[in-house]
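Below: structure_30.pdb (PDB, C-alpha atoms)
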```pdb
ATOM      1  CA  MET R  39     119.700  92.136  83.851
ATOM      2  CA  LYS R  40     122.491  92.213  86.439
ATOM      3  CA  PRO R  41     122.103  90.782  89.958
ATOM      4  CA  ILE R  42     121.277  93.349  92.601
ATOM      5  CA  LYS R  43     122.913  94.195  95.900
ATOM      6  CA  HIS R  44     121.469  93.566  99.360
ATOM      7  CA  ALA R  45     120.071  97.098  99.775
ATOM      8  CA  GLU R  46     118.506  97.010  96.320
ATOM      9  CA  ILE R  47     116.873  93.639  97.036
ATOM     10  CA  VAL R  48     115.346  95.090 100.202
ATOM     11  CA  ASP R  49     114.122  98.148  98.262
ATOM     12  CA  GLU R  50     112.564  95.933  95.609
ATOM     13  CA  LEU R  51     110.914  93.747  98.255
ATOM     14  CA  ASN R  52     109.501  96.839  99.964
ATOM     15  CA  ARG R  53     108.063  97.938  96.610
ATOM     16  CA  LEU R  54     106.521  94.495  96.050
ATOM     17  CA  MET R  55     105.055  94.599  99.549
ATOM     18  CA  ALA R  56     103.540  98.015  98.780
ATOM     19  CA  GLU R  57     101.988  96.589  95.581
ATOM     20  CA  GLU R  58     100.347  93.836  97.643
ATOM     21  CA  MET R  59      99.143  96.171 100.396
ATOM     22  CA  GLU R  60      97.712  98.566  97.856
ATOM     23  CA  ALA R  61      96.014  95.672  96.091
ATOM     24  CA  PHE R  62      94.431  94.743  99.441
ATOM     25  CA  LEU R  63      93.106  98.287  99.878
ATOM     26  CA  ARG R  64      91.824  98.437  96.315
ATOM     27  CA  TYR R  65      90.030  95.066  96.640
ATOM     28  CA  PHE R  66      88.570  96.297  99.930
ATOM     29  CA  GLN R  67      87.218  99.463  98.311
ATOM     30  CA  LEU R  68      86.059  97.788  95.079
ATOM     31  CA  ARG R  69      84.107  95.216  97.105
ATOM     32  CA  HIS R  70      82.108  98.003  98.762
ATOM     33  CA  ARG R  71      81.315  99.637  95.447
ATOM     34  CA  LEU R  72      79.419  96.582  94.229
ATOM     35  CA  ARG R  73      75.662  96.534  94.679
ATOM     36  CA  GLY R  74      72.815  94.020  94.836
ATOM     37  CA  THR R  75      73.203  90.550  93.404
ATOM     38  CA  GLU R  76      76.644  91.371  91.960
ATOM     39  CA  ARG R  77      77.890  92.149  95.457
ATOM     40  CA  LEU R  78      76.425  88.883  96.688
ATOM     41  CA  ALA R  79      77.901  86.872  93.830
ATOM     42  CA  ALA R  80      81.396  88.352  94.062
ATOM     43  CA  ASP R  81      81.727  88.801  97.823
ATOM     44  CA  LYS R  82      83.654  85.591  98.358
ATOM     45  CA  PHE R  83      85.997  86.345  95.446
ATOM     46  CA  PHE R  84      86.908  89.757  96.848
ATOM     47  CA  GLU R  85      87.240  88.423 100.398
ATOM     48  CA  THR R  86      89.665  85.722  99.218
ATOM     49  CA  ALA R  87      91.596  88.212  97.104
ATOM     50  CA  MET R  88      91.966  90.546 100.101
ATOM     51  CA  GLN R  89      93.159  87.697 102.291
ATOM     52  CA  GLU R  90      95.682  86.528  99.705
ATOM     53  CA  THR R  91      97.150  89.964  99.108
ATOM     54  CA  LEU R  92      97.704  90.364 102.840
ATOM     55  CA  GLU R  93      99.319  86.909 103.028
ATOM     56  CA  HIS R  94     101.627  87.895 100.159
ATOM     57  CA  ALA R  95     102.557  91.151 101.898
ATOM     58  CA  GLU R  96     103.251  89.193 105.089
ATOM     59  CA  ALA R  97     105.446  86.687 103.218
ATOM     60  CA  ILE R  98     107.445  89.514 101.627
ATOM     61  CA  ALA R  99     107.835  91.189 105.023
ATOM     62  CA  LYS R 100     109.263  87.919 106.391
ATOM     63  CA  HIS R 101     111.839  87.830 103.585
ATOM     64  CA  ILE R 102     112.831  91.406 104.403
ATOM     65  CA  ARG R 103     113.305  90.385 108.046
ATOM     66  CA  ILE R 104     115.345  87.332 107.001
ATOM     67  CA  LEU R 105     117.627  89.771 105.189
ATOM     68  CA  GLY R 106     118.098  91.550 108.520
ATOM     69  CA  GLU R 107     115.965  94.580 107.685
ATOM     70  CA  THR R 108     112.618  95.970 108.823
ATOM     71  CA  PRO R 109     109.776  96.269 106.297
ATOM     72  CA  ARG R 110     109.139  99.864 105.216
ATOM     73  CA  ILE R 111     105.636 100.850 104.154
ATOM     74  CA  ASN R 112     105.210 103.447 101.426
ATOM     75  CA  VAL R 113     101.592 103.262 100.358
ATOM     76  CA  ASN R 114      99.781 106.143  98.742
ATOM     77  CA  VAL R 115      96.261 105.190  97.718
ATOM     78  CA  GLU R 116      93.291 107.384  97.102
ATOM     79  CA  ALA R 117      90.399 105.274  95.906
ATOM     80  CA  GLY R 118      87.032 106.924  95.442
ATOM     81  CA  GLY R 119      84.041 106.619  93.141
ATOM     82  CA  GLY R 120      80.455 105.482  93.466
ATOM     83  CA  PRO R 121      78.730 102.176  92.769
ATOM     84  CA  LEU R 122      80.477 100.032  90.186
ATOM     85  CA  SER R 123      79.497  97.078  88.014
ATOM     86  CA  LEU R 124      81.243  93.767  88.695
ATOM     87  CA  LYS R 125      82.746  93.867  85.199
ATOM     88  CA  ASP R 126      84.337  97.281  85.827
ATOM     89  CA  ALA R 127      85.559  96.167  89.245
ATOM     90  CA  LEU R 128      87.199  93.079  87.746
ATOM     91  CA  ASN R 129      88.714  95.157  84.954
ATOM     92  CA  GLU R 130      90.291  97.391  87.576
ATOM     93  CA  ALA R 131      91.508  94.379  89.558
ATOM     94  CA  LEU R 132      93.047  92.965  86.397
ATOM     95  CA  VAL R 133      95.057  96.164  85.919
ATOM     96  CA  PHE R 134      96.767  96.020  89.316
ATOM     97  CA  GLU R 135      97.105  92.214  89.341
ATOM     98  CA  GLN R 136      98.921  92.394  85.982
ATOM     99  CA  GLN R 137     101.267  95.001  87.401
ATOM    100  CA  ALA R 138     101.973  92.832  90.453
ATOM    101  CA  LEU R 139     102.747  89.914  88.139
ATOM    102  CA  GLU R 140     105.097  92.018  86.029
ATOM    103  CA  ALA R 141     106.801  93.338  89.160
ATOM    104  CA  TYR R 142     107.540  89.754  90.289
ATOM    105  CA  ARG R 143     108.679  88.803  86.769
ATOM    106  CA  ASP R 144     111.094  91.733  86.663
ATOM    107  CA  MET R 145     112.439  90.732  90.061
ATOM    108  CA  LEU R 146     113.153  87.085  89.197
ATOM    109  CA  PRO R 147     116.351  87.454  87.098
ATOM    110  CA  ARG R 148     117.675  89.924  89.637
ATOM    111  CA  VAL R 149     117.491  87.447  92.528
ATOM    112  CA  ALA R 150     118.826  84.437  90.604
ATOM    113  CA  GLY R 151     120.835  82.267  93.000
ATOM    114  CA  GLU R 152     119.606  84.038  96.135
ATOM    115  CA  PRO R 153     118.769  81.253  98.606
ATOM    116  CA  GLY R 154     115.048  81.104  99.363
ATOM    117  CA  LEU R 155     114.229  84.312  97.574
ATOM    118  CA  GLU R 156     114.425  82.982  94.022
ATOM    119  CA  ASP R 157     112.001  80.154  94.893
ATOM    120  CA  PHE R 158     109.667  82.554  96.644
ATOM    121  CA  ILE R 159     109.531  84.903  93.640
ATOM    122  CA  ARG R 160     108.920  81.927  91.313
ATOM    123  CA  LYS R 161     106.004  80.802  93.462
ATOM    124  CA  GLN R 162     104.602  84.329  93.500
ATOM    125  CA  ILE R 163     104.798  84.479  89.705
ATOM    126  CA  ALA R 164     102.831  81.237  89.509
ATOM    127  CA  THR R 165     100.225  82.514  91.979
ATOM    128  CA  GLU R 166      99.872  85.925  90.330
ATOM    129  CA  THR R 167      99.624  84.299  86.907
ATOM    130  CA  GLU R 168      96.728  82.228  88.237
ATOM    131  CA  HIS R 169      95.050  85.378  89.579
ATOM    132  CA  VAL R 170      95.371  87.162  86.272
ATOM    133  CA  GLN R 171      94.038  84.109  84.409
ATOM    134  CA  GLU R 172      91.154  83.735  86.840
ATOM    135  CA  ILE R 173      90.085  87.361  86.424
ATOM    136  CA  THR R 174      90.530  87.176  82.641
ATOM    137  CA  ILE R 175      88.242  84.106  82.520
ATOM    138  CA  LEU R 176      85.658  85.863  84.695
ATOM    139  CA  LEU R 177      85.676  88.756  82.266
ATOM    140  CA  GLU R 178      85.125  86.582  79.179
TER
ATOM    141  CA  MET Z 101      86.621 136.633  93.719
ATOM    142  CA  THR Z 102      84.613 134.320  96.001
ATOM    143  CA  ASP Z 103      84.185 131.909  93.085
ATOM    144  CA  THR Z 104      87.905 131.733  92.285
ATOM    145  CA  TRP Z 105      88.257 128.294  93.873
ATOM    146  CA  LYS Z 106      85.827 126.923  91.319
ATOM    147  CA  GLU Z 107      88.328 127.712  88.583
ATOM    148  CA  PHE Z 108      90.541 124.943  89.958
ATOM    149  CA  GLU Z 109      87.867 122.519  88.792
ATOM    150  CA  ALA Z 110      88.093 123.950  85.296
ATOM    151  CA  ASN Z 111      91.830 123.320  85.086
ATOM    152  CA  GLU Z 112      92.990 120.967  82.361
ATOM    153  CA  VAL Z 113      94.477 118.456  84.753
ATOM    154  CA  THR Z 114      94.584 117.539  88.418
ATOM    155  CA  HIS Z 115      97.777 117.523  90.461
ATOM    156  CA  SER Z 116      98.057 113.763  90.039
ATOM    157  CA  VAL Z 117      97.548 113.836  86.265
ATOM    158  CA  ALA Z 118     100.045 116.702  85.961
ATOM    159  CA  HIS Z 119     102.670 114.625  87.791
ATOM    160  CA  HIS Z 120     102.016 111.570  85.647
ATOM    161  CA  LEU Z 121     102.326 113.556  82.415
ATOM    162  CA  VAL Z 122     105.583 115.163  83.523
ATOM    163  CA  ALA Z 123     106.897 111.785  84.710
ATOM    164  CA  ILE Z 124     106.148 110.158  81.334
ATOM    165  CA  HIS Z 125     107.870 113.071  79.611
ATOM    166  CA  GLU Z 126     110.977 112.829  81.811
ATOM    167  CA  VAL Z 127     111.226 109.016  81.894
ATOM    168  CA  GLY Z 128     110.629 108.762  78.156
ATOM    169  CA  ARG Z 129     113.317 111.296  77.266
ATOM    170  CA  GLU Z 130     115.912 108.626  76.508
ATOM    171  CA  TYR Z 131     113.522 106.232  74.777
ATOM    172  CA  GLY Z 132     111.860 108.301  72.088
ATOM    173  CA  GLY Z 133     109.162 109.397  74.497
ATOM    174  CA  TRP Z 134     108.150 105.852  75.507
ATOM    175  CA  ALA Z 135     108.014 105.040  79.212
ATOM    176  CA  ARG Z 136     107.468 101.816  81.154
ATOM    177  CA  VAL Z 137     104.985 101.728  84.021
ATOM    178  CA  SER Z 138     107.732 100.466  86.356
ATOM    179  CA  ASP Z 139     109.950 103.470  85.552
ATOM    180  CA  ILE Z 140     107.085 105.929  85.921
ATOM    181  CA  ALA Z 141     106.246 104.356  89.300
ATOM    182  CA  ARG Z 142     109.840 104.662  90.425
ATOM    183  CA  TRP Z 143     110.059 108.287  89.235
ATOM    184  CA  LEU Z 144     106.880 109.205  91.115
ATOM    185  CA  GLY Z 145     107.662 107.052  94.171
ATOM    186  CA  ILE Z 146     104.348 105.175  93.958
ATOM    187  CA  THR Z 147     103.398 101.601  93.058
ATOM    188  CA  ARG Z 148     102.976 100.222  89.546
ATOM    189  CA  GLY Z 149      99.382  99.384  90.418
ATOM    190  CA  SER Z 150      98.621 103.028  91.200
ATOM    191  CA  VAL Z 151     100.309 104.218  88.020
ATOM    192  CA  SER Z 152      98.315 101.745  85.919
ATOM    193  CA  ILE Z 153      95.026 102.733  87.532
ATOM    194  CA  ASN Z 154      95.788 106.434  87.058
ATOM    195  CA  LEU Z 155      96.903 105.867  83.464
ATOM    196  CA  ARG Z 156      93.493 104.400  82.597
ATOM    197  CA  ASN Z 157      91.878 107.786  83.194
ATOM    198  CA  ILE Z 158      94.690 109.627  81.391
ATOM    199  CA  LYS Z 159      94.404 107.268  78.388
ATOM    200  CA  THR Z 160      90.638 107.767  78.268
ATOM    201  CA  ARG Z 161      91.245 111.497  77.993
ATOM    202  CA  GLY Z 162      93.557 110.904  75.056
ATOM    203  CA  LEU Z 163      96.596 112.363  76.784
ATOM    204  CA  VAL Z 164      98.744 109.244  76.353
ATOM    205  CA  ILE Z 165      99.001 106.402  73.881
ATOM    206  CA  GLU Z 166      99.969 102.811  74.704
ATOM    207  CA  ASP Z 167     101.826 100.229  72.648
ATOM    208  CA  GLU Z 168     101.464  96.445  72.641
ATOM    209  CA  HIS Z 169     104.116  96.132  75.404
ATOM    210  CA  ARG Z 170     102.065  98.440  77.653
ATOM    211  CA  GLN Z 171     104.617 101.212  77.302
ATOM    212  CA  VAL Z 172     103.120 104.678  77.204
ATOM    213  CA  LYS Z 173     103.917 107.878  75.387
ATOM    214  CA  LEU Z 174     102.380 111.355  75.587
ATOM    215  CA  SER Z 175      99.929 112.160  72.810
ATOM    216  CA  GLU Z 176     100.256 115.514  71.051
ATOM    217  CA  GLU Z 177      97.740 116.982  73.508
ATOM    218  CA  GLY Z 178      99.460 115.325  76.500
ATOM    219  CA  LEU Z 179     102.834 116.658  75.388
ATOM    220  CA  LYS Z 180     101.412 120.161  75.051
ATOM    221  CA  ILE Z 181     100.021 120.020  78.596
ATOM    222  CA  ALA Z 182     103.222 118.506  80.044
ATOM    223  CA  GLN Z 183     105.368 121.174  78.412
ATOM    224  CA  ALA Z 184     103.053 123.941  79.636
ATOM    225  CA  ILE Z 185     103.180 122.551  83.191
ATOM    226  CA  MET Z 186     106.970 122.286  83.115
ATOM    227  CA  ALA Z 187     107.313 125.830  81.739
ATOM    228  CA  LYS Z 188     105.037 127.233  84.463
ATOM    229  CA  LYS Z 189     106.909 125.300  87.116
ATOM    230  CA  ALA Z 190     110.239 126.641  85.845
ATOM    231  CA  ALA Z 191     108.869 130.201  85.863
ATOM    232  CA  VAL Z 192     107.457 129.937  89.389
ATOM    233  CA  LYS Z 193     110.614 128.256  90.675
ATOM    234  CA  ALA Z 194     112.831 130.916  89.105
ATOM    235  CA  PHE Z 195     110.705 133.650  90.669
ATOM    236  CA  LEU Z 196     110.825 132.064  94.112
ATOM    237  CA  ARG Z 197     114.537 131.245  93.985
ATOM    238  CA  ASP Z 198     116.060 134.090  91.960
ATOM    239  CA  VAL Z 199     113.801 136.980  92.852
ATOM    240  CA  ILE Z 200     112.488 136.466  96.375
ATOM    241  CA  ASN Z 201     115.380 134.278  97.587
ATOM    242  CA  VAL Z 202     113.474 131.134  98.540
ATOM    243  CA  PRO Z 203     115.968 128.256  99.069
ATOM    244  CA  GLU Z 204     116.287 125.894  96.073
ATOM    245  CA  GLU Z 205     114.666 122.913  97.814
ATOM    246  CA  GLN Z 206     111.653 124.902  99.046
ATOM    247  CA  ALA Z 207     111.307 126.597  95.642
ATOM    248  CA  GLU Z 208     111.158 123.136  94.059
ATOM    249  CA  ILE Z 209     108.439 121.971  96.474
ATOM    250  CA  ASP Z 210     106.323 125.127  96.211
ATOM    251  CA  SER Z 211     106.578 125.432  92.433
ATOM    252  CA  CYS Z 212     105.498 121.802  92.202
ATOM    253  CA  LYS Z 213     102.374 122.615  94.210
ATOM    254  CA  VAL Z 214     101.169 125.411  91.937
ATOM    255  CA  GLU Z 215     102.556 124.400  88.527
ATOM    256  CA  HIS Z 216      99.217 123.098  87.245
ATOM    257  CA  LEU Z 217      96.991 125.597  89.041
ATOM    258  CA  ILE Z 218      98.019 128.889  87.457
ATOM    259  CA  SER Z 219      96.734 129.836  84.017
ATOM    260  CA  HIS Z 220      98.932 129.916  80.916
ATOM    261  CA  SER Z 221      98.671 133.702  80.672
ATOM    262  CA  THR Z 222      99.742 134.160  84.302
ATOM    263  CA  GLY Z 223     102.674 131.825  83.667
ATOM    264  CA  GLU Z 224     103.679 133.823  80.603
ATOM    265  CA  ASN Z 225     103.384 137.141  82.456
ATOM    266  CA  LEU Z 226     105.444 135.776  85.320
ATOM    267  CA  LEU Z 227     108.130 134.618  82.905
ATOM    268  CA  ARG Z 228     108.223 138.053  81.239
ATOM    269  CA  PHE Z 229     108.530 139.698  84.653
ATOM    270  CA  ILE Z 230     111.404 137.410  85.709
ATOM    271  CA  THR Z 231     113.149 137.884  82.366
ATOM    272  CA  PHE Z 232     112.923 141.651  82.842
ATOM    273  CA  LEU Z 233     113.942 141.583  86.489
ATOM    274  CA  THR Z 234     117.007 139.406  85.890
ATOM    275  CA  SER Z 235     118.027 141.216  82.696
ATOM    276  CA  ASP Z 236     120.773 143.840  82.294
ATOM    277  CA  ASN Z 237     118.198 146.606  82.290
ATOM    278  CA  PRO Z 238     119.571 149.212  84.768
ATOM    279  CA  ALA Z 239     116.117 149.862  86.272
ATOM    280  CA  ALA Z 240     115.587 146.127  86.842
ATOM    281  CA  ARG Z 241     119.047 145.694  88.379
ATOM    282  CA  GLU Z 242     118.416 148.669  90.623
ATOM    283  CA  ALA Z 243     115.002 147.326  91.676
ATOM    284  CA  LEU Z 244     116.456 143.923  92.512
ATOM    285  CA  SER Z 245     119.361 145.483  94.347
ATOM    286  CA  GLN Z 246     116.985 147.690  96.376
ATOM    287  CA  PHE Z 247     114.916 144.637  97.235
ATOM    288  CA  ARG Z 248     118.009 142.769  98.444
ATOM    289  CA  LYS Z 249     118.934 145.732 100.651
ATOM    290  CA  PHE Z 250     115.366 145.888 101.944
ATOM    291  CA  GLU Z 251     115.515 142.174 102.744
ATOM    292  CA  ASP Z 252     118.792 142.586 104.645
ATOM    293  CA  ARG Z 253     117.364 145.213 106.964
TER
END
```
Please, can you express the file's structure as C-alpha cells?
Amino acid sequence: MKPIKHAEIVDELNRLMAEEMEAFLRYFQLRHRLRGTERLAADKFFETAMQETLEHAEAIAKHIRILGETPRINVNVEAGGGPLSLKDALNEALVFEQQALEAYRDMLPRVAGEPGLEDFIRKQIATETEHVQEITILLE
Amino acid sequence: MTDTWKEFEANEVTHSVAHHLVAIHEVGREYGGWARVSDIARWLGITRGSVSINLRNIKTRGLVIEDEHRQVKLSEEGLKIAQAIMAKKAAVKAFLRDVINVPEEQAEIDSCKVEHLISHSTGENLLRFITFLTSDNPAAREALSQFRKFEDR
C-alpha cells in the first residue's frame, strides 16, 4: 500500500474519528437497551467504553489539528430497537469494535514514517485489539 | 387510497438496505462481486461500523453472503433486488431528465429517493413509456416537441 498525501491522511483521520464518535453513540444507546441485573452488571463496562471512544476521538482530533486542519464530523447514526440482552449488545459492540480495529490496521502502512502519527496508530491498534479480545472473552 | 402509505411497509427493502445492496453491487463489479466493508463505507459515505451493523440485518435476510475475510457478495436474491432497484432508478432518472427536463443532478437525487418505493410493474410501465416517448415514432416525437414548446411559453 502506497503512502498517502497530507489531504488523504486528514480524510482518513476524519473517518477514524467518525468511527469512534459513532461507537460512542452506539455504546450510549446499547447501554440504555439493557434491563434489570444485566444493566447493573454491564453498566461500568459500557460507561468505560463510552469514555474511551470519546478519548480516542479527541486524540484523533488533536492529530488533525497538528496537521494544521480542523476536524470534520460526518456522523450518520440511527440506532433504535427495544430492550436487548447483554449477549446481543456485546455482539453488536464486537461488530463495530472489529471495524474500528481494521480501520486502524489499514491506516498503519499508509502512515509509515509519519512523525507521531505512526506511533499513535500503533497504540490504537493495541488498544482496539484489547477491546475486541475483552468483548470476545465476555461472549465466551 | 388512504392506505397507500402502508404499502411502503410491504416493500422488499428499506431505503438504507436498497443503498447497501446497490453499493455492494457497484463496489464488487471489479472483484467478481465481492466487496470489502471499507469500500462499501467509502462508497456510501458512512462509517465501517454502520455498514457492518446494517449488513447484519441484510445477511440475516439472506440478501448477501460473507466469506472468511468478511468480504460480502450479493446472494441470488440480493442481486435480483439490486438489479431491480437500479433499473427503476434508471427509468425514473431518464423520465425526469429526458422527458420533463429536470437537471441531471436533481434527477439523480430524486430518482434515488424513489427507486425502491415504486413497484416493479410501475417501473416497467414507466420504462415502456420513456422508450416510446424517446423513440422515432412520429406521434411520440410530436408529443415531446409540443411539450417542449409548451414548457417554453
Can you tell me, as a ChimeraX atom specification, what residues are no more than 12 Å from range 62-69 of chain R when counting all atoms listed in the file, ignoring any on the same chain fewer than 4 positions away? /R:55-58,73-74,76-96,113-135,138 /Z:149-150,153
Neighbourhood query: residues within 12 Å of (104.1, 110.9, 86.4), file coordinates, counting all atoms listed in the file; return as number ranges by chain. Z: 114-128, 135-148, 150-152, 154-155, 158, 164, 172-174, 178, 182
Just C-alpha atoms for this one: save the residues we selected as a PDB file, keeping the file's coordinate frame.
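Dumped everything to out.pdb:
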```
ATOM      1  CA  THR Z 114      94.584 117.539  88.418  1.00  0.00           C
ATOM      2  CA  HIS Z 115      97.777 117.523  90.461  1.00  0.00           C
ATOM      3  CA  SER Z 116      98.057 113.763  90.039  1.00  0.00           C
ATOM      4  CA  VAL Z 117      97.548 113.836  86.265  1.00  0.00           C
ATOM      5  CA  ALA Z 118     100.045 116.702  85.961  1.00  0.00           C
ATOM      6  CA  HIS Z 119     102.670 114.625  87.791  1.00  0.00           C
ATOM      7  CA  HIS Z 120     102.016 111.570  85.647  1.00  0.00           C
ATOM      8  CA  LEU Z 121     102.326 113.556  82.415  1.00  0.00           C
ATOM      9  CA  VAL Z 122     105.583 115.163  83.523  1.00  0.00           C
ATOM     10  CA  ALA Z 123     106.897 111.785  84.710  1.00  0.00           C
ATOM     11  CA  ILE Z 124     106.148 110.158  81.334  1.00  0.00           C
ATOM     12  CA  HIS Z 125     107.870 113.071  79.611  1.00  0.00           C
ATOM     13  CA  GLU Z 126     110.977 112.829  81.811  1.00  0.00           C
ATOM     14  CA  VAL Z 127     111.226 109.016  81.894  1.00  0.00           C
ATOM     15  CA  GLY Z 128     110.629 108.762  78.156  1.00  0.00           C
ATOM     16  CA  ALA Z 135     108.014 105.040  79.212  1.00  0.00           C
ATOM     17  CA  ARG Z 136     107.468 101.816  81.154  1.00  0.00           C
ATOM     18  CA  VAL Z 137     104.985 101.728  84.021  1.00  0.00           C
ATOM     19  CA  SER Z 138     107.732 100.466  86.356  1.00  0.00           C
ATOM     20  CA  ASP Z 139     109.950 103.470  85.552  1.00  0.00           C
ATOM     21  CA  ILE Z 140     107.085 105.929  85.921  1.00  0.00           C
ATOM     22  CA  ALA Z 141     106.246 104.356  89.300  1.00  0.00           C
ATOM     23  CA  ARG Z 142     109.840 104.662  90.425  1.00  0.00           C
ATOM     24  CA  TRP Z 143     110.059 108.287  89.235  1.00  0.00           C
ATOM     25  CA  LEU Z 144     106.880 109.205  91.115  1.00  0.00           C
ATOM     26  CA  GLY Z 145     107.662 107.052  94.171  1.00  0.00           C
ATOM     27  CA  ILE Z 146     104.348 105.175  93.958  1.00  0.00           C
ATOM     28  CA  THR Z 147     103.398 101.601  93.058  1.00  0.00           C
ATOM     29  CA  ARG Z 148     102.976 100.222  89.546  1.00  0.00           C
ATOM     30  CA  SER Z 150      98.621 103.028  91.200  1.00  0.00           C
ATOM     31  CA  VAL Z 151     100.309 104.218  88.020  1.00  0.00           C
ATOM     32  CA  SER Z 152      98.315 101.745  85.919  1.00  0.00           C
ATOM     33  CA  ASN Z 154      95.788 106.434  87.058  1.00  0.00           C
ATOM     34  CA  LEU Z 155      96.903 105.867  83.464  1.00  0.00           C
ATOM     35  CA  ILE Z 158      94.690 109.627  81.391  1.00  0.00           C
ATOM     36  CA  VAL Z 164      98.744 109.244  76.353  1.00  0.00           C
ATOM     37  CA  VAL Z 172     103.120 104.678  77.204  1.00  0.00           C
ATOM     38  CA  LYS Z 173     103.917 107.878  75.387  1.00  0.00           C
ATOM     39  CA  LEU Z 174     102.380 111.355  75.587  1.00  0.00           C
ATOM     40  CA  GLY Z 178      99.460 115.325  76.500  1.00  0.00           C
ATOM     41  CA  ALA Z 182     103.222 118.506  80.044  1.00  0.00           C
TER      42      ALA Z 182
END
```
Using only C-alpha atoms, which residues sit within 9 Å of Val202 in chain Z once same-chain residues fewer than 6 positions away are excluded, as a PyMOL selection string? chain Z and resi 193+195-196
Test item: axis-aligned box, all listed atoms of range 93-110 of chain R, 6 Å on each side, centre and edges in Å rounded to one decimal, as AutoDock Vina command-line options:
```
--center_x 108.7 --center_y 93.3 --center_z 104.5 --size_x 30.8 --size_y 25.2 --size_z 20.7
```
What's around range 215-218 of chain Z at 6 Å? Count all atoms listed in the file, leave out sequence neighbours fewer than 5 positions away in its own chain, and write the answer as a PyMOL selection string. chain Z and resi 185+188-189
Which is closer to Asp49 in chain R than all the others in R:Leu105, R:Ala61, R:Leu177, R:Ala150, using only C-alpha atoms?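 Of R:Leu105, R:Ala61, R:Leu177, R:Ala150, the one nearest Asp49 in chain R, counting only C-alpha atoms, is R:Leu105.
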To one decimal in Å, tell me the separation between CA of Ala239 in chain Z and CA of Ala194 in chain Z. 19.4 Å
Given only C-alpha atoms as the basis, pick out the residue of R:Val170, R:Ile102, R:Leu176, R:Met59 nearest to chain Z.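 For chain Z, the nearest of the candidates is R:Met59.
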Please provide as a ChimeraX atom specification all residues within 8 Å of Leu163 in chain Z, with the sequence filter that same-chain residues fewer than 2 positions apart are discarded (counting all atoms listed in the file). /Z:158-161,165,174-179
